[in-house]
file model34.cif (mmCIF, C-alpha atoms)
data_query
loop_
_atom_site.group_PDB
_atom_site.id
_atom_site.type_symbol
_atom_site.label_atom_id
_atom_site.label_comp_id
_atom_site.auth_asym_id
_atom_site.auth_seq_id
_atom_site.Cartn_x
_atom_site.Cartn_y
_atom_site.Cartn_z
ATOM 1 C CA MET G 12 1.363 -10.391 7.301
ATOM 2 C CA ASN G 13 0.247 -13.826 6.195
ATOM 3 C CA THR G 14 1.394 -15.305 2.918
ATOM 4 C CA VAL G 15 -2.127 -14.793 1.683
ATOM 5 C CA THR G 16 -3.825 -11.669 2.996
ATOM 6 C CA ARG G 17 -7.525 -11.412 2.365
ATOM 7 C CA LEU G 18 -9.527 -8.252 1.969
ATOM 8 C CA GLY G 19 -12.632 -8.581 4.097
ATOM 9 C CA GLY G 20 -16.126 -7.395 3.193
ATOM 10 C CA PHE G 21 -16.784 -3.688 3.190
ATOM 11 C CA ALA G 22 -19.155 -2.114 5.697
ATOM 12 C CA LEU G 23 -21.436 0.743 4.717
ATOM 13 C CA GLY G 24 -20.692 4.031 6.343
ATOM 14 C CA LEU G 25 -16.906 3.979 6.664
ATOM 15 C CA ALA G 26 -15.092 6.322 9.038
ATOM 16 C CA ALA G 27 -15.487 9.963 8.011
ATOM 17 C CA VAL G 28 -13.207 12.178 5.937
ATOM 18 C CA PHE G 29 -9.609 12.607 7.095
ATOM 19 C CA GLY G 30 -8.234 16.053 7.866
ATOM 20 C CA ALA G 31 -4.559 16.516 7.043
ATOM 21 C CA ALA G 32 -1.840 18.802 8.328
ATOM 22 C CA TYR G 33 1.207 18.549 6.112
ATOM 23 C CA GLY G 34 4.740 18.511 7.518
ATOM 24 C CA ILE G 35 4.102 20.465 10.714
ATOM 25 C CA GLY G 36 2.933 17.633 12.929
ATOM 26 C CA GLN G 37 -0.441 19.208 13.680
ATOM 27 C CA VAL G 38 -3.499 16.979 13.965
ATOM 28 C CA ALA G 39 -6.649 18.346 12.419
ATOM 29 C CA GLY G 40 -9.741 18.489 14.577
ATOM 30 C CA PRO G 41 -13.096 16.911 13.698
ATOM 31 C CA ALA G 42 -14.145 19.677 11.338
ATOM 32 C CA ALA G 43 -10.748 21.081 10.414
ATOM 33 C CA PRO G 44 -9.886 21.661 6.748
ATOM 34 C CA VAL G 45 -6.637 20.551 5.153
ATOM 35 C CA ALA G 46 -3.663 22.595 6.350
ATOM 36 C CA GLU G 47 -0.655 22.857 4.100
ATOM 37 C CA SER G 48 2.989 23.829 4.444
ATOM 38 C CA SER G 49 6.029 23.823 2.184
ATOM 39 C CA HIS G 50 7.783 21.200 4.297
ATOM 40 C CA ASP G 51 7.970 17.550 3.370
ATOM 41 C CA GLY G 52 6.436 15.090 5.770
ATOM 42 C CA GLY G 53 2.859 14.477 6.719
ATOM 43 C CA ALA G 54 0.108 14.458 9.256
ATOM 44 C CA ALA G 55 -3.481 13.397 9.363
ATOM 45 C CA HIS G 56 -6.064 12.317 11.884
ATOM 46 C CA GLN G 57 -9.346 10.521 11.514
ATOM 47 C CA SER G 58 -12.390 12.189 12.942
ATOM 48 C CA GLY G 59 -15.431 10.245 14.013
ATOM 49 C CA PRO G 60 -15.962 7.363 16.410
ATOM 50 C CA VAL G 61 -12.652 5.583 15.914
ATOM 51 C CA GLY G 62 -10.051 7.425 17.955
ATOM 52 C CA HIS G 63 -6.867 6.725 19.833
ATOM 53 C CA GLY G 64 -7.172 3.557 21.888
ATOM 54 C CA ALA G 65 -10.630 2.777 20.525
ATOM 55 C CA HIS G 66 -11.764 -0.239 18.514
ATOM 56 C CA ASP G 67 -14.505 0.179 15.949
ATOM 57 C CA GLU G 68 -16.584 -2.992 15.727
ATOM 58 C CA ASP G 69 -16.748 -2.485 11.954
ATOM 59 C CA ALA G 70 -12.948 -2.815 11.795
ATOM 60 C CA ASP G 71 -13.292 -6.590 11.884
ATOM 61 C CA ARG G 72 -15.054 -6.375 8.514
ATOM 62 C CA LEU G 73 -12.891 -3.730 6.857
ATOM 63 C CA PRO G 74 -9.857 -4.211 4.635
ATOM 64 C CA GLY G 75 -6.501 -2.881 5.761
ATOM 65 C CA GLY G 76 -5.558 0.753 5.449
ATOM 66 C CA LEU G 77 -9.011 2.327 5.747
ATOM 67 C CA LEU G 78 -8.654 3.170 9.453
ATOM 68 C CA VAL G 79 -6.186 5.396 11.255
ATOM 69 C CA SER G 80 -6.922 3.534 14.507
ATOM 70 C CA ASP G 81 -7.694 -0.144 15.029
ATOM 71 C CA ARG G 82 -7.513 -2.580 17.947
ATOM 72 C CA GLY G 83 -6.128 0.144 20.180
ATOM 73 C CA TYR G 84 -3.276 1.096 17.839
ATOM 74 C CA THR G 85 -3.199 4.490 16.120
ATOM 75 C CA LEU G 86 -1.078 5.896 13.310
ATOM 76 C CA GLU G 87 0.146 9.263 14.646
ATOM 77 C CA PRO G 88 1.915 11.947 12.568
ATOM 78 C CA VAL G 89 5.110 13.474 13.964
ATOM 79 C CA ALA G 90 6.588 16.863 13.057
ATOM 80 C CA ALA G 91 9.477 16.415 10.643
ATOM 81 C CA PRO G 92 11.991 18.680 8.887
ATOM 82 C CA ALA G 93 11.854 19.209 5.158
ATOM 83 C CA GLY G 94 12.767 16.075 3.262
ATOM 84 C CA GLU G 95 11.726 13.690 6.036
ATOM 85 C CA PHE G 96 8.577 11.733 6.862
ATOM 86 C CA ALA G 97 7.948 10.740 10.485
ATOM 87 C CA PHE G 98 5.224 9.010 12.477
ATOM 88 C CA ARG G 99 4.565 6.857 15.525
ATOM 89 C CA ILE G 100 2.270 3.978 16.358
ATOM 90 C CA GLY G 101 0.350 4.784 19.527
ATOM 91 C CA GLY G 102 -0.465 1.732 21.623
ATOM 92 C CA PRO G 103 -3.509 0.735 23.685
ATOM 93 C CA ASP G 104 -1.900 2.305 26.762
ATOM 94 C CA GLY G 105 -1.587 5.668 25.024
ATOM 95 C CA ARG G 106 2.174 5.420 24.710
ATOM 96 C CA PRO G 107 4.240 5.027 21.523
ATOM 97 C CA VAL G 108 4.910 1.411 20.618
ATOM 98 C CA THR G 109 8.641 0.606 20.594
ATOM 99 C CA ARG G 110 8.617 -3.157 19.987
ATOM 100 C CA PHE G 111 7.656 -4.657 16.639
ATOM 101 C CA ASP G 112 8.008 -8.130 15.161
ATOM 102 C CA VAL G 113 10.037 -8.652 12.000
ATOM 103 C CA ALA G 114 7.807 -9.493 9.041
ATOM 104 C CA HIS G 115 9.485 -10.140 5.689
ATOM 105 C CA ASP G 116 12.837 -8.895 6.964
ATOM 106 C CA LYS G 117 11.504 -5.550 8.263
ATOM 107 C CA ARG G 118 9.671 -4.251 11.327
ATOM 108 C CA MET G 119 7.794 -1.619 9.324
ATOM 109 C CA HIS G 120 6.625 -1.427 5.718
ATOM 110 C CA LEU G 121 5.499 2.058 4.699
ATOM 111 C CA ILE G 122 3.594 2.248 1.431
ATOM 112 C CA VAL G 123 2.414 5.533 -0.018
ATOM 113 C CA ALA G 124 0.201 6.069 -3.060
ATOM 114 C CA ARG G 125 -1.255 9.161 -4.582
ATOM 115 C CA ARG G 126 -5.037 9.247 -4.445
ATOM 116 C CA ASP G 127 -5.286 8.997 -8.227
ATOM 117 C CA LEU G 128 -2.930 5.952 -8.055
ATOM 118 C CA SER G 129 -0.302 7.642 -10.241
ATOM 119 C CA GLY G 130 2.433 7.543 -7.585
ATOM 120 C CA PHE G 131 3.633 4.599 -5.502
ATOM 121 C CA ARG G 132 6.504 4.025 -3.041
ATOM 122 C CA HIS G 133 7.350 1.120 -0.724
ATOM 123 C CA VAL G 134 9.973 2.133 1.858
ATOM 124 C CA HIS G 135 11.257 0.987 5.246
ATOM 125 C CA PRO G 136 11.684 3.640 7.962
ATOM 126 C CA ASP G 137 14.139 3.496 10.859
ATOM 127 C CA LEU G 138 12.861 3.238 14.438
ATOM 128 C CA ALA G 139 14.161 5.608 17.119
ATOM 129 C CA PRO G 140 14.185 4.592 20.821
ATOM 130 C CA ASP G 141 11.189 6.858 21.517
ATOM 131 C CA GLY G 142 9.025 4.960 19.022
ATOM 132 C CA THR G 143 9.341 7.459 16.159
ATOM 133 C CA TRP G 144 9.733 6.048 12.659
ATOM 134 C CA ARG G 145 11.710 8.257 10.241
ATOM 135 C CA VAL G 146 12.521 7.991 6.548
ATOM 136 C CA ALA G 147 13.444 10.283 3.679
ATOM 137 C CA THR G 148 10.096 11.508 2.453
ATOM 138 C CA PRO G 149 8.549 9.143 -0.104
ATOM 139 C CA LEU G 150 6.044 11.816 -1.176
ATOM 140 C CA ALA G 151 7.391 13.020 -4.503
ATOM 141 C CA GLY G 152 5.126 15.556 -6.108
ATOM 142 C CA PRO G 153 1.986 17.490 -5.208
ATOM 143 C CA GLY G 154 -1.314 15.835 -4.519
ATOM 144 C CA GLN G 155 -3.391 13.923 -2.022
ATOM 145 C CA TRP G 156 -1.458 10.880 -0.835
ATOM 146 C CA ARG G 157 -2.437 7.905 1.275
ATOM 147 C CA ALA G 158 0.186 6.521 3.665
ATOM 148 C CA PHE G 159 -0.107 2.908 4.857
ATOM 149 C CA ALA G 160 1.829 1.591 7.858
ATOM 150 C CA ASP G 161 2.010 -2.218 7.618
ATOM 151 C CA PHE G 162 3.387 -3.764 10.827
ATOM 152 C CA ALA G 163 3.018 -6.307 13.620
ATOM 153 C CA PRO G 164 3.331 -4.958 17.189
ATOM 154 C CA THR G 165 5.037 -7.453 19.460
ATOM 155 C CA GLY G 166 2.293 -9.365 21.246
ATOM 156 C CA GLY G 167 -0.396 -8.057 18.893
ATOM 157 C CA GLU G 168 -1.949 -8.886 15.541
ATOM 158 C CA PRO G 169 -0.542 -7.664 12.206
ATOM 159 C CA LEU G 170 -2.200 -4.400 11.201
ATOM 160 C CA THR G 171 -2.297 -1.924 8.358
ATOM 161 C CA LEU G 172 -3.286 1.620 9.333
ATOM 162 C CA GLY G 173 -3.687 4.512 6.916
ATOM 163 C CA MET G 174 -3.792 8.297 6.859
ATOM 164 C CA ASP G 175 -4.106 10.995 4.203
ATOM 165 C CA VAL G 176 -1.309 13.495 3.561
ATOM 166 C CA THR G 177 -1.397 16.566 1.325
ATOM 167 C CA VAL G 178 1.588 17.774 -0.674
ATOM 168 C CA PRO G 179 0.793 21.325 -1.812
ATOM 169 C CA GLY G 180 1.247 22.456 -5.375
ATOM 170 C CA ALA G 181 -0.372 22.321 -8.782
ATOM 171 C CA LEU G 182 -2.030 18.969 -9.375
ATOM 172 C CA THR G 183 -3.281 17.413 -12.590
ATOM 173 C CA GLU G 184 -5.516 14.377 -12.253
ATOM 174 C CA ARG G 185 -4.298 11.417 -14.270
ATOM 175 C CA PRO G 186 -6.643 8.873 -15.855
ATOM 176 C CA LEU G 187 -6.422 5.257 -14.807
ATOM 177 C CA PRO G 188 -4.559 3.235 -17.458
ATOM 178 C CA ALA G 189 -6.637 0.694 -19.314
ATOM 179 C CA PRO G 190 -6.429 -2.927 -18.144
ATOM 180 C CA SER G 191 -3.578 -4.817 -19.795
ATOM 181 C CA SER G 192 -1.961 -8.200 -19.334
ATOM 182 C CA SER G 193 1.534 -6.888 -20.039
ATOM 183 C CA THR G 194 3.658 -3.951 -18.932
ATOM 184 C CA THR G 195 7.293 -2.884 -19.130
ATOM 185 C CA VAL G 196 9.528 -1.373 -16.454
ATOM 186 C CA ASP G 197 13.276 -0.684 -16.545
ATOM 187 C CA GLY G 198 13.709 -2.896 -19.609
ATOM 188 C CA TYR G 199 11.759 -5.826 -18.144
ATOM 189 C CA THR G 200 8.484 -7.138 -19.532
ATOM 190 C CA VAL G 201 6.032 -8.498 -16.984
ATOM 191 C CA THR G 202 2.920 -10.401 -18.011
ATOM 192 C CA LEU G 203 -0.108 -11.094 -15.857
ATOM 193 C CA ASP G 204 -2.130 -14.283 -16.088
ATOM 194 C CA GLY G 205 -5.304 -14.585 -14.027
ATOM 195 C CA THR G 206 -8.411 -12.625 -13.138
ATOM 196 C CA LEU G 207 -9.795 -11.170 -9.934
ATOM 197 C CA GLU G 208 -13.161 -12.627 -8.964
ATOM 198 C CA PRO G 209 -14.890 -10.803 -6.109
ATOM 199 C CA GLY G 210 -15.367 -12.975 -3.043
ATOM 200 C CA ARG G 211 -13.143 -15.788 -4.329
ATOM 201 C CA THR G 212 -9.479 -16.613 -4.025
ATOM 202 C CA SER G 213 -7.870 -15.766 -7.361
ATOM 203 C CA PRO G 214 -4.454 -17.031 -8.473
ATOM 204 C CA LEU G 215 -2.421 -14.340 -10.213
ATOM 205 C CA THR G 216 0.779 -15.380 -11.983
ATOM 206 C CA LEU G 217 3.259 -12.699 -13.003
ATOM 207 C CA THR G 218 6.052 -13.697 -15.373
ATOM 208 C CA VAL G 219 9.224 -11.645 -15.822
ATOM 209 C CA SER G 220 11.316 -11.531 -19.004
ATOM 210 C CA ARG G 221 14.063 -9.320 -20.377
ATOM 211 C CA ASP G 222 15.086 -8.899 -24.003
ATOM 212 C CA GLY G 223 12.667 -11.673 -24.896
ATOM 213 C CA GLN G 224 14.243 -14.164 -22.489
ATOM 214 C CA PRO G 225 12.653 -15.438 -19.263
ATOM 215 C CA VAL G 226 14.334 -14.225 -16.084
ATOM 216 C CA THR G 227 15.171 -17.362 -14.119
ATOM 217 C CA ASP G 228 17.419 -15.796 -11.491
ATOM 218 C CA LEU G 229 15.175 -13.411 -9.590
ATOM 219 C CA GLU G 230 16.803 -12.314 -6.351
ATOM 220 C CA PRO G 231 15.193 -12.520 -2.898
ATOM 221 C CA TYR G 232 13.685 -9.214 -1.838
ATOM 222 C CA LEU G 233 12.491 -9.024 1.760
ATOM 223 C CA GLY G 234 12.461 -12.810 1.961
ATOM 224 C CA ALA G 235 10.485 -13.493 -1.220
ATOM 225 C CA TYR G 236 10.778 -13.437 -5.002
ATOM 226 C CA GLY G 237 8.034 -10.869 -5.246
ATOM 227 C CA HIS G 238 5.669 -8.660 -3.303
ATOM 228 C CA LEU G 239 2.261 -7.566 -4.527
ATOM 229 C CA VAL G 240 0.226 -4.611 -3.297
ATOM 230 C CA ALA G 241 -3.304 -4.023 -4.601
ATOM 231 C CA LEU G 242 -5.236 -0.798 -4.073
ATOM 232 C CA ARG G 243 -8.902 -0.414 -4.930
ATOM 233 C CA ARG G 244 -9.720 2.705 -6.882
ATOM 234 C CA GLY G 245 -11.746 5.174 -4.841
ATOM 235 C CA ASP G 246 -11.240 4.367 -1.172
ATOM 236 C CA LEU G 247 -7.772 2.799 -1.694
ATOM 237 C CA ALA G 248 -8.605 -0.354 0.246
ATOM 238 C CA TYR G 249 -5.267 -2.109 0.754
ATOM 239 C CA LEU G 250 -4.217 -5.673 0.042
ATOM 240 C CA HIS G 251 -0.612 -6.847 0.530
ATOM 241 C CA VAL G 252 0.107 -10.431 -0.489
ATOM 242 C CA HIS G 253 3.221 -12.537 -0.890
ATOM 243 C CA PRO G 254 3.864 -15.580 -3.050
ATOM 244 C CA GLU G 255 3.881 -19.129 -1.825
ATOM 245 C CA GLY G 256 7.282 -20.639 -1.171
ATOM 246 C CA THR G 257 10.557 -19.313 0.188
ATOM 247 C CA PRO G 258 13.772 -18.612 -1.668
ATOM 248 C CA GLY G 259 16.268 -21.400 -1.058
ATOM 249 C CA ASP G 260 13.702 -23.939 0.152
ATOM 250 C CA GLY G 261 14.572 -26.305 -2.686
ATOM 251 C CA ARG G 262 11.068 -26.118 -4.158
ATOM 252 C CA THR G 263 10.526 -22.484 -5.118
ATOM 253 C CA PRO G 264 12.074 -21.522 -8.479
ATOM 254 C CA PRO G 265 13.590 -18.019 -8.772
ATOM 255 C CA GLY G 266 11.392 -17.080 -11.699
ATOM 256 C CA PRO G 267 10.369 -16.402 -14.287
ATOM 257 C CA ALA G 268 6.858 -16.896 -12.843
ATOM 258 C CA VAL G 269 5.707 -15.764 -9.416
ATOM 259 C CA THR G 270 2.198 -16.761 -8.316
ATOM 260 C CA PHE G 271 0.086 -14.981 -5.723
ATOM 261 C CA LEU G 272 -3.316 -15.742 -4.239
ATOM 262 C CA ALA G 273 -5.562 -12.746 -3.689
ATOM 263 C CA GLU G 274 -9.175 -12.132 -2.758
ATOM 264 C CA VAL G 275 -11.037 -8.898 -3.375
ATOM 265 C CA PRO G 276 -14.470 -8.130 -1.973
ATOM 266 C CA SER G 277 -16.181 -6.251 -4.780
ATOM 267 C CA VAL G 278 -16.480 -5.459 -8.448
ATOM 268 C CA GLY G 279 -14.289 -2.506 -9.394
ATOM 269 C CA SER G 280 -10.943 -1.297 -10.662
ATOM 270 C CA TYR G 281 -7.756 -2.237 -8.815
ATOM 271 C CA ARG G 282 -4.191 -1.106 -9.323
ATOM 272 C CA LEU G 283 -1.581 -3.838 -8.768
ATOM 273 C CA TYR G 284 2.052 -3.090 -7.910
ATOM 274 C CA LEU G 285 4.532 -5.959 -8.214
ATOM 275 C CA ASP G 286 7.945 -5.493 -6.563
ATOM 276 C CA PHE G 287 10.703 -7.809 -7.734
ATOM 277 C CA GLN G 288 14.482 -7.695 -7.504
ATOM 278 C CA HIS G 289 16.966 -8.483 -10.272
ATOM 279 C CA GLY G 290 20.435 -7.160 -10.983
ATOM 280 C CA GLU G 291 20.606 -5.963 -7.357
ATOM 281 C CA SER G 292 17.845 -3.441 -8.045
ATOM 282 C CA VAL G 293 14.177 -3.450 -7.102
ATOM 283 C CA HIS G 294 11.688 -2.843 -9.903
ATOM 284 C CA THR G 295 7.945 -2.221 -9.761
ATOM 285 C CA ALA G 296 5.544 -3.377 -12.452
ATOM 286 C CA GLU G 297 2.056 -1.854 -12.403
ATOM 287 C CA PHE G 298 -1.238 -3.183 -13.758
ATOM 288 C CA THR G 299 -4.853 -2.090 -13.830
ATOM 289 C CA VAL G 300 -7.224 -4.999 -13.231
ATOM 290 C CA ILE G 301 -11.024 -5.049 -13.295
ATOM 291 C CA ALA G 302 -12.613 -7.396 -10.774
ATOM 292 C CA GLY G 303 -15.874 -8.811 -12.072
ATOM 293 C CA PRO G 304 -17.582 -7.835 -15.323
ATOM 294 C CA PRO G 305 -16.308 -4.624 -16.955
ATOM 295 C CA PRO G 306 -18.545 -1.555 -16.626
ATOM 296 C CA THR G 307 -20.925 -1.020 -19.550
ATOM 297 C CA SER G 308 -19.748 2.567 -19.936
ATOM 298 C CA ALA G 309 -16.311 3.583 -18.710
ATOM 299 C CA PRO G 310 -15.270 7.241 -18.992
ATOM 300 C CA THR G 311 -11.510 7.774 -18.881
ATOM 301 C CA THR G 312 -11.582 9.324 -15.392
ATOM 302 C CA GLY G 313 -14.556 7.629 -13.806
ATOM 303 C CA GLY G 314 -17.375 5.182 -14.234
ATOM 304 C CA ASP G 315 -16.245 2.281 -12.054
ATOM 305 C CA PRO G 316 -18.878 0.446 -10.067
ATOM 306 C CA ALA G 317 -18.863 2.457 -6.877
ATOM 307 C CA PRO G 318 -17.367 0.663 -3.866
ATOM 308 C CA SER G 319 -18.999 1.177 -0.521
ATOM 309 C CA GLY G 320 -17.299 3.843 1.544
ATOM 310 C CA PRO G 321 -15.706 7.129 0.475
ATOM 311 C CA ALA G 322 -14.373 7.517 -3.039
ATOM 312 C CA PRO G 323 -12.434 10.773 -2.953
ATOM 313 C CA THR G 324 -10.453 10.540 -6.182
ATOM 314 C CA GLY G 325 -10.376 8.654 -9.461
ATOM 315 C CA GLY G 326 -7.885 8.322 -12.257
ATOM 316 C CA ALA G 327 -4.209 7.415 -12.548
ATOM 317 C CA ASP G 328 -1.507 6.598 -14.991
ATOM 318 C CA HIS G 329 1.820 4.830 -15.022
ATOM 319 C CA GLY G 330 3.889 8.012 -15.364
ATOM 320 C CA THR G 331 4.510 8.189 -11.646
ATOM 321 C CA PRO G 332 5.888 10.878 -9.413
ATOM 322 C CA GLY G 333 7.459 9.128 -6.442
ATOM 323 C CA HIS G 334 7.780 5.638 -7.863
ATOM 324 C CA GLY G 335 10.403 3.449 -6.202
ATOM 325 C CA HIS G 336 11.767 1.838 -3.064
ATOM 326 C CA ASN G 337 14.352 1.859 -0.358
#
call {"tool": "encode", "arguments": {"input": "model34.cif", "output": "structure tokens"}}
result
Amino acid sequence: MNTVTRLGGFALGLAAVFGAAYGIGQVAGPAAPVAESSHDGGAAHQSGPVGHGAHDEDADRLPGGLLVSDRGYTLEPVAAPAGEFAFRIGGPDGRPVTRFDVAHDKRMHLIVARRDLSGFRHVHPDLAPDGTWRVATPLAGPGQWRAFADFAPTGGEPLTLGMDVTVPGALTERPLPAPSSSTTVDGYTVTLDGTLEPGRTSPLTLTVSRDGQPVTDLEPYLGAYGHLVALRRGDLAYLHVHPEGTPGDGRTPPGPAVTFLAEVPSVGSYRLYLDFQHGESVHTAEFTVIAGPPPTSAPTTGGDPAPSGPAPTGGADHGTPGHGHN
């Protein structure tokens, strides 16, 4: 992952709908419906032209996380017991990849978000010798989830692959919170200064305070004073950016402000998730941001300018099942 990760332009006609087989390690066929089980864990496979070991020419123009397979690498579900999430990265030779470069202190960043953007987790699985990544399941609560594997295979380019996972149970759609320049989490107030302009690099400054006082002693988390993930409502196009500067370099202050540079490709609603560490705990502040002019009519659960590609679910709120880190 580069310090500034750009979302590329979107191609029309994205890869087709994902089938999902939850917790039993079964891969759905091209026309298979969602299969569900009571076990925690996940499985999904993309049907269509992009398969294992294949490279879709459109991938060069797509943002991260929209493909299950890219540049010969494929995100593959693995059967897991209840309470565990497991997967592999299949390589161009058809074998599981076992060597990964360290990026921001970890060889794998697993991000999961519910399709309505009301749940978010950023965790770091452990790698077994056979290439299987395992972690306590980050999927807390029923719903359609999107899992993003953010990694750099040794000798290859950094990639973000994604797959859908279903957690069975009663689900209530949650409306997307209204845009706001301030939010609170765990007793901290975080303010956002900046706007997203489609097709342009946009500086976003997030400032952390507590009890009315600026926090000037943010702690390094994964080699930075903050991490920012942005997901576009609808297709959940993925953007993971990091701030300029490095803790301890003599130039980068440990707060209260952390500035990121981000570029989004289209008008629409985005959900931003800022991870920061203070008091030896990681906290996540969430924001809804509209890129471009606001829609003229915005129902509570829909009405965004439609991004190209699939838009399976709308709506979210900050009351999150499965919100946290490890």
call {"tool": "axis_aligned_box", "arguments": {"input": "model34.cif", "around": "segment 99-113 of chain G", "padding_each_side": "5 Å", "output": "AutoDock Vina command-line options"}}
result
--center_x 3.3 --center_y -0.9 --center_z 19.4 --size_x 23.5 --size_y 25.5 --size_z 24.8
call {"tool": "atom_distance", "arguments": {"input": "model34.cif", "atom1": "atom CA of Pro153 of chain G", "atom2": "atom CA of Thr200 of chain G"}}
result
29.2 Å
call {"tool": "resolve_selection", "arguments": {"input": "model34.cif", "expression": "the PyMOL selection byres ((chain G and resi 122) around 8)", "output": "ChimeraX atom specification"}}
result
/G:120-121,123-124,131-134,158-161
call {"tool": "atom_distance", "arguments": {"input": "model34.cif", "atom1": "atom CA of Thr143 of chain G", "atom2": "atom CA of Arg99 of chain G"}}
result
4.9 Å
call {"tool": "closest_residue", "arguments": {"input": "model34.cif", "among": "G:Leu170, G:Leu229, G:Ala97, G:Ala248", "to": "Pro136 of chain G", "atoms": "only C-alpha atoms"}}
result
G:Ala97
call {"tool": "resolve_selection", "arguments": {"input": "model34.cif", "expression": "the PyMOL selection byres ((chain G and resi 164) around 8)", "output": "JSON, numbers by chain"}}
result
{"G": [108, 110, 111, 112, 162, 163, 165, 166, 167, 168, 169]}
call {"tool": "residues_around", "arguments": {"input": "model34.cif", "residues": "segment 291-296 of chain G", "least_positions_apart": "3", "cutoff": "10 Å", "atoms": "all atoms listed in the file", "output": "ChimeraX atom specification"}}
result
/G:131-133,193-202,217,219,229-232,237-239,283-288,329,334-337
call {"tool": "atom_distance", "arguments": {"input": "model34.cif", "atom1": "atom CA of Val269 of chain G", "atom2": "atom CA of Thr299 of chain G"}}
result
17.8 Å
call {"tool": "residues_around", "arguments": {"input": "model34.cif", "residues": "segment 206-208 of chain G", "least_positions_apart": "3", "cutoff": "10 Å", "atoms": "only C-alpha atoms", "output": "CSV table (one decimal) with C-alpha atoms, keeping the file's coordinate frame"}}
result
chain,number,residue,atom,x,y,z
G,192,SER,CA,-2.0,-8.2,-19.3
G,203,LEU,CA,-0.1,-11.1,-15.9
G,211,ARG,CA,-13.1,-15.8,-4.3
G,212,THR,CA,-9.5,-16.6,-4.0
G,213,SER,CA,-7.9,-15.8,-7.4
G,214,PRO,CA,-4.5,-17.0,-8.5
G,215,LEU,CA,-2.4,-14.3,-10.2
G,216,THR,CA,0.8,-15.4,-12.0
G,272,LEU,CA,-3.3,-15.7,-4.2
G,273,ALA,CA,-5.6,-12.7,-3.7
G,274,GLU,CA,-9.2,-12.1,-2.8
G,275,VAL,CA,-11.0,-8.9,-3.4
G,276,PRO,CA,-14.5,-8.1,-2.0
G,277,SER,CA,-16.2,-6.3,-4.8
G,278,VAL,CA,-16.5,-5.5,-8.4
G,279,GLY,CA,-14.3,-2.5,-9.4
G,280,SER,CA,-10.9,-1.3,-10.7
G,281,TYR,CA,-7.8,-2.2,-8.8
G,300,VAL,CA,-7.2,-5.0,-13.2
G,301,ILE,CA,-11.0,-5.0,-13.3
G,302,ALA,CA,-12.6,-7.4,-10.8
G,303,GLY,CA,-15.9,-8.8,-12.1
G,304,PRO,CA,-17.6,-7.8,-15.3
call {"tool": "closest_residue", "arguments": {"input": "model34.cif", "among": "G:Val252, G:Val178, G:Leu233, G:Val89", "to": "Met119 of chain G", "atoms": "all atoms listed in the file"}}
result
G:Leu233
call {"tool": "decode", "arguments": {"input": "model34.cif", "residues": "segment 257-268 of chain G", "atoms": "N, CA and C atoms", "output": "PDB file, in the first residue's frame"}}
result
ATOM      1  N   THR G 257       6.005   9.902   9.259  1.00  0.00           N
ATOM      2  CA  THR G 257       6.229   8.686  10.024  1.00  0.00           C
ATOM      3  C   THR G 257       6.461   9.052  11.477  1.00  0.00           C
ATOM      4  N   PRO G 258       5.821   8.348  12.387  1.00  0.00           N
ATOM      5  CA  PRO G 258       6.084   8.636  13.798  1.00  0.00           C
ATOM      6  C   PRO G 258       7.578   8.546  14.117  1.00  0.00           C
ATOM      7  N   GLY G 259       8.077   9.550  14.854  1.00  0.00           N
ATOM      8  CA  GLY G 259       9.469   9.543  15.248  1.00  0.00           C
ATOM      9  C   GLY G 259      10.431  10.089  14.223  1.00  0.00           C
ATOM     10  N   ASP G 260       9.912  10.629  13.096  1.00  0.00           N
ATOM     11  CA  ASP G 260      10.819  11.144  12.069  1.00  0.00           C
ATOM     12  C   ASP G 260      11.293  12.572  12.365  1.00  0.00           C
ATOM     13  N   GLY G 261      10.842  13.134  13.463  1.00  0.00           N
ATOM     14  CA  GLY G 261      11.251  14.481  13.827  1.00  0.00           C
ATOM     15  C   GLY G 261      10.459  15.578  13.153  1.00  0.00           C
ATOM     16  N   ARG G 262       9.553  15.220  12.253  1.00  0.00           N
ATOM     17  CA  ARG G 262       8.767  16.219  11.529  1.00  0.00           C
ATOM     18  C   ARG G 262       7.256  16.017  11.687  1.00  0.00           C
ATOM     19  N   THR G 263       6.863  14.797  12.022  1.00  0.00           N
ATOM     20  CA  THR G 263       5.439  14.467  12.064  1.00  0.00           C
ATOM     21  C   THR G 263       4.923  14.559  13.492  1.00  0.00           C
ATOM     22  N   PRO G 264       4.048  15.532  13.794  1.00  0.00           N
ATOM     23  CA  PRO G 264       3.538  15.665  15.156  1.00  0.00           C
ATOM     24  C   PRO G 264       2.539  14.550  15.474  1.00  0.00           C
ATOM     25  N   PRO G 265       2.502  14.101  16.721  1.00  0.00           N
ATOM     26  CA  PRO G 265       1.574  13.039  17.132  1.00  0.00           C
ATOM     27  C   PRO G 265       0.186  13.583  17.468  1.00  0.00           C
ATOM     28  N   GLY G 266      -0.380  14.336  16.560  1.00  0.00           N
ATOM     29  CA  GLY G 266      -1.694  14.902  16.773  1.00  0.00           C
ATOM     30  C   GLY G 266      -1.602  16.382  17.119  1.00  0.00           C
ATOM     31  N   PRO G 267      -2.746  17.028  17.278  1.00  0.00           N
ATOM     32  CA  PRO G 267      -4.077  16.425  17.229  1.00  0.00           C
ATOM     33  C   PRO G 267      -4.605  16.186  15.811  1.00  0.00           C
ATOM     34  N   ALA G 268      -3.940  16.782  14.802  1.00  0.00           N
ATOM     35  CA  ALA G 268      -4.439  16.682  13.427  1.00  0.00           C
ATOM     36  C   ALA G 268      -3.661  15.626  12.650  1.00  0.00           C
TER      37      ALA G 268
END
